[in-house]
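Chemist: I'm passing along model-v3.cif; it holds mmCIF, C-alpha atoms.
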data_run
#
loop_
_atom_site.label_atom_id
_atom_site.label_comp_id
_atom_site.auth_asym_id
_atom_site.auth_seq_id
_atom_site.Cartn_x
_atom_site.Cartn_y
_atom_site.Cartn_z
CA MET A 1 84.87 -5.78 79.84
CA ALA A 2 85.10 -7.31 83.32
CA ILE A 3 82.15 -7.96 85.61
CA VAL A 4 82.79 -8.45 89.32
CA LEU A 5 79.89 -10.20 91.05
CA ALA A 6 79.57 -8.91 94.62
CA ALA A 7 75.85 -8.77 95.46
CA GLY A 8 75.64 -11.95 97.53
CA PHE A 9 74.09 -12.01 100.97
CA SER A 10 76.83 -14.10 102.63
CA ARG A 11 74.26 -16.19 104.50
CA ARG A 12 76.72 -18.96 105.36
CA LEU A 13 79.35 -16.49 106.53
CA GLY A 14 76.86 -14.47 108.56
CA ARG A 15 78.32 -11.09 107.60
CA PRO A 16 79.01 -9.37 104.28
CA LYS A 17 81.90 -11.23 102.66
CA GLN A 18 82.52 -8.21 100.46
CA ASP A 19 83.86 -6.48 103.59
CA VAL A 20 86.12 -9.33 104.75
CA VAL A 21 89.72 -8.16 104.83
CA PHE A 22 92.25 -10.40 103.07
CA GLU A 23 95.90 -9.37 102.90
CA GLY A 24 95.09 -5.80 103.85
CA GLU A 25 92.13 -5.09 101.58
CA THR A 26 88.48 -6.03 101.46
CA LEU A 27 87.48 -8.85 99.15
CA LEU A 28 85.46 -6.38 97.08
CA ALA A 29 88.36 -3.94 96.74
CA ARG A 30 90.75 -6.78 95.89
CA ALA A 31 88.53 -8.30 93.19
CA THR A 32 87.85 -4.87 91.69
CA ARG A 33 91.53 -3.93 91.68
CA ILE A 34 92.53 -7.17 89.99
CA ALA A 35 89.77 -6.80 87.38
CA ARG A 36 90.98 -3.26 86.65
CA GLU A 37 94.49 -4.58 86.10
CA VAL A 38 93.27 -6.61 83.12
CA ALA A 39 90.28 -4.71 81.73
CA ASP A 40 89.74 -1.10 80.74
CA ASP A 41 86.07 -1.28 81.69
CA VAL A 42 84.86 -2.91 84.91
CA VAL A 43 81.30 -3.30 86.15
CA VAL A 44 80.91 -4.14 89.84
CA VAL A 45 77.54 -5.67 90.69
CA THR A 46 76.44 -5.03 94.28
CA ARG A 47 73.08 -4.97 95.98
CA GLU A 48 72.99 -1.25 95.23
CA ASN A 49 72.80 -1.73 91.46
CA ASN A 50 71.13 -5.15 91.44
CA PRO A 51 67.55 -4.66 92.69
CA HIS A 52 66.89 -8.41 92.32
CA ALA A 53 69.89 -9.61 94.34
CA GLU A 54 67.65 -11.72 96.58
CA GLU A 55 67.02 -14.02 93.59
CA GLY A 56 70.64 -15.14 93.58
CA MET A 57 73.63 -15.20 91.28
CA ALA A 58 71.69 -15.24 88.00
CA SER A 59 70.29 -11.79 88.76
CA SER A 60 73.80 -10.47 89.35
CA ILE A 61 75.01 -11.93 86.07
CA ARG A 62 72.05 -10.38 84.23
CA THR A 63 72.69 -7.01 85.88
CA GLY A 64 76.37 -7.03 84.97
CA VAL A 65 75.75 -8.17 81.41
CA ALA A 66 73.04 -5.53 80.92
CA LEU A 67 75.40 -2.82 82.20
CA ALA A 68 78.22 -4.10 79.97
CA GLY A 69 76.13 -4.05 76.82
CA PRO A 70 75.44 -6.61 74.11
CA ASP A 71 78.66 -6.34 72.11
CA ALA A 72 81.30 -6.91 74.75
CA ARG A 73 83.47 -9.94 75.36
CA LEU A 74 82.81 -10.51 79.06
CA LEU A 75 85.10 -11.63 81.85
CA ILE A 76 82.96 -12.66 84.82
CA THR A 77 84.70 -12.97 88.18
CA LEU A 78 83.63 -13.18 91.83
CA CYS A 79 84.60 -11.10 94.82
CA ASP A 80 84.96 -14.16 97.08
CA GLN A 81 87.87 -15.92 95.31
CA PRO A 82 90.77 -13.95 96.83
CA LEU A 83 93.53 -16.13 95.36
CA VAL A 84 92.56 -15.33 91.76
CA THR A 85 95.33 -13.29 90.18
CA ALA A 86 95.57 -10.78 87.36
CA ALA A 87 97.95 -13.19 85.62
CA HIS A 88 95.25 -15.87 85.60
CA LEU A 89 92.64 -13.44 84.28
CA ARG A 90 95.07 -12.38 81.53
CA ALA A 91 95.56 -16.05 80.62
CA LEU A 92 91.78 -16.44 80.24
CA LEU A 93 91.51 -13.29 78.13
CA ALA A 94 94.40 -14.35 75.88
CA ILE A 95 92.45 -17.30 74.49
CA ASP A 96 90.10 -16.66 71.58
CA ALA A 97 87.21 -19.07 72.16
CA PRO A 98 83.45 -18.69 72.77
CA VAL A 99 83.91 -19.66 76.42
CA VAL A 100 87.13 -19.79 78.42
CA ALA A 101 86.72 -21.07 81.98
CA THR A 102 88.84 -21.68 85.05
CA GLY A 103 89.49 -25.30 85.94
CA TYR A 104 89.62 -26.20 89.64
CA ALA A 105 88.38 -28.95 91.96
CA GLY A 106 87.26 -31.02 88.99
CA ILE A 107 84.99 -28.35 87.51
CA ALA A 108 85.10 -25.63 84.88
CA GLY A 109 83.82 -22.42 86.41
CA VAL A 110 84.47 -18.76 87.00
CA PRO A 111 86.37 -16.65 86.46
CA ALA A 112 85.33 -17.19 82.86
CA VAL A 113 85.21 -15.28 79.59
CA PHE A 114 82.15 -15.28 77.33
CA ALA A 115 81.94 -14.21 73.70
CA PRO A 116 79.37 -11.53 72.78
CA GLU A 117 77.15 -14.10 71.04
CA LEU A 118 76.51 -15.72 74.45
CA VAL A 119 74.99 -12.55 75.95
CA PRO A 120 71.40 -13.78 75.32
CA GLU A 121 72.13 -17.00 77.22
CA LEU A 122 73.63 -15.08 80.12
CA LEU A 123 70.61 -12.76 80.20
CA ALA A 124 68.29 -15.79 80.25
CA LEU A 125 69.73 -17.20 83.50
CA ARG A 126 67.28 -17.38 86.40
CA GLY A 127 67.49 -18.29 90.07
CA ASP A 128 70.44 -18.93 92.31
CA VAL A 129 72.62 -20.38 89.56
CA GLY A 130 75.71 -19.15 87.84
CA ALA A 131 76.91 -19.71 84.32
CA ARG A 132 78.20 -23.27 84.79
CA ALA A 133 75.56 -24.76 82.46
CA ILE A 134 76.55 -22.30 79.72
CA ILE A 135 80.20 -23.16 80.27
CA ALA A 136 79.42 -26.87 79.93
CA ARG A 137 77.06 -26.49 76.98
CA HIS A 138 79.64 -24.66 74.89
CA GLY A 139 82.60 -26.91 75.67
CA ALA A 140 84.70 -24.24 77.29
CA THR A 141 88.41 -24.02 76.82
CA VAL A 142 89.69 -24.57 80.36
CA VAL A 143 92.66 -22.88 81.97
CA PRO A 144 93.66 -24.76 85.16
CA PHE A 145 93.97 -22.67 88.32
CA GLU A 146 93.40 -24.73 91.46
CA ASP A 147 93.66 -21.68 93.74
CA ALA A 148 90.24 -20.58 92.45
CA ALA A 149 88.75 -23.38 94.55
CA PHE A 150 89.44 -21.28 97.66
CA ASP A 151 86.46 -19.06 98.26
CA VAL A 152 85.14 -17.29 101.31
CA ASP A 153 81.88 -18.88 102.46
CA VAL A 154 82.36 -19.63 106.16
#
Write the structure described by the file as structure tokens, please.

Modeler:
Amino acid sequence: MAIVLAAGFSRRLGRPKQDVVFEGETLLARATRIAREVADDVVVVTRENNPHAEEGMASSIRTGVALAGPDARLLITLCDQPLVTAAHLRALLAIDAPVVATGYAGIAGVPAVFAPELVPELLALRGDVGARAIIARHGATVVPFEDAAFDVDV
């Protein structure tokens, strides 16, 4: 199961980043297409299906996880990392570990894969934070992919 997080307000950019066109498609369409290349089931979290989007990223993670269900292995990815590839997502999914994260710019972050037993921790996230603390706490297996450092914020 893949979850594409796309409910952000793009405050730094000043316009919806989901609608930014990159290589002929919007960031949202691109992220969704790539997720569909690697997962049979894809949940796209937007402000339309996340009534608490104003809270920040944690609410989008909770929304996606709730829609995915408690028994799924979850691939969480963002709509604003346009250089992420299906090949990289497949590399993450190929590793059997509780957490598999992307390594870039000296961090372990998303895209990342979470085992079903971590669903309660993902559902407990609050505020404008992602899953980085969960990734760190569980000693994620890291797959390097420096291109993930490029995101659309300004």

Chemist: Excluding Cys79 in chain A and any residue of its chain fewer than 6 positions from it, enumerate the residues within 8 Å of it, using all atoms listed in the file, and give them as a list in words.

Modeler: Val4, Leu5, Ala6, Gln18, Leu27, Leu28, Arg30, Ala31 and Thr32 of chain A

Chemist: Could you check which of A:Asp151, A:Glu48, A:Glu146, A:Asp96 is closest to Ser60 in chain A, using all atoms listed in the file?

Modeler: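 Closest to Ser60 in chain A, using all atoms listed in the file: A:Glu48.
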
Chemist: Report the distance between CA of Phe145 in chain A and CA of Ala105 in chain A in Å, rounded to one decimal place.

Modeler: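 If I compute the distance from CA of Phe145 in chain A to CA of Ala105 in chain A, I get 9.2 Å.
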
Chemist: Val42 in chain A: which residues within 6 Å, counting only C-alpha atoms, same-chain residues fewer than 4 positions away excluded, as a list of chain:residue names?

Modeler: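 Near neighbours after the sequence-gap exclusion: A:Met1, A:Ala2, A:Ile3.
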
Chemist: Identify all residues satisfying the PyMOL selection byres ((chain A and resi 148) around 8) in the given file; provide them as an MDAnalysis selection string.

Modeler: chainID A and resid 81:84 102 104 145:147 149:151

Chemist: Step by step, work through what the PyMOL selection byres ((chain A and resi 67) around 12) selects in the shown file, and finish by giving those residues as a ChimeraX atom specification.

Modeler: /A:1-4,41-45,49-50,60-66,68-72,74,119,123
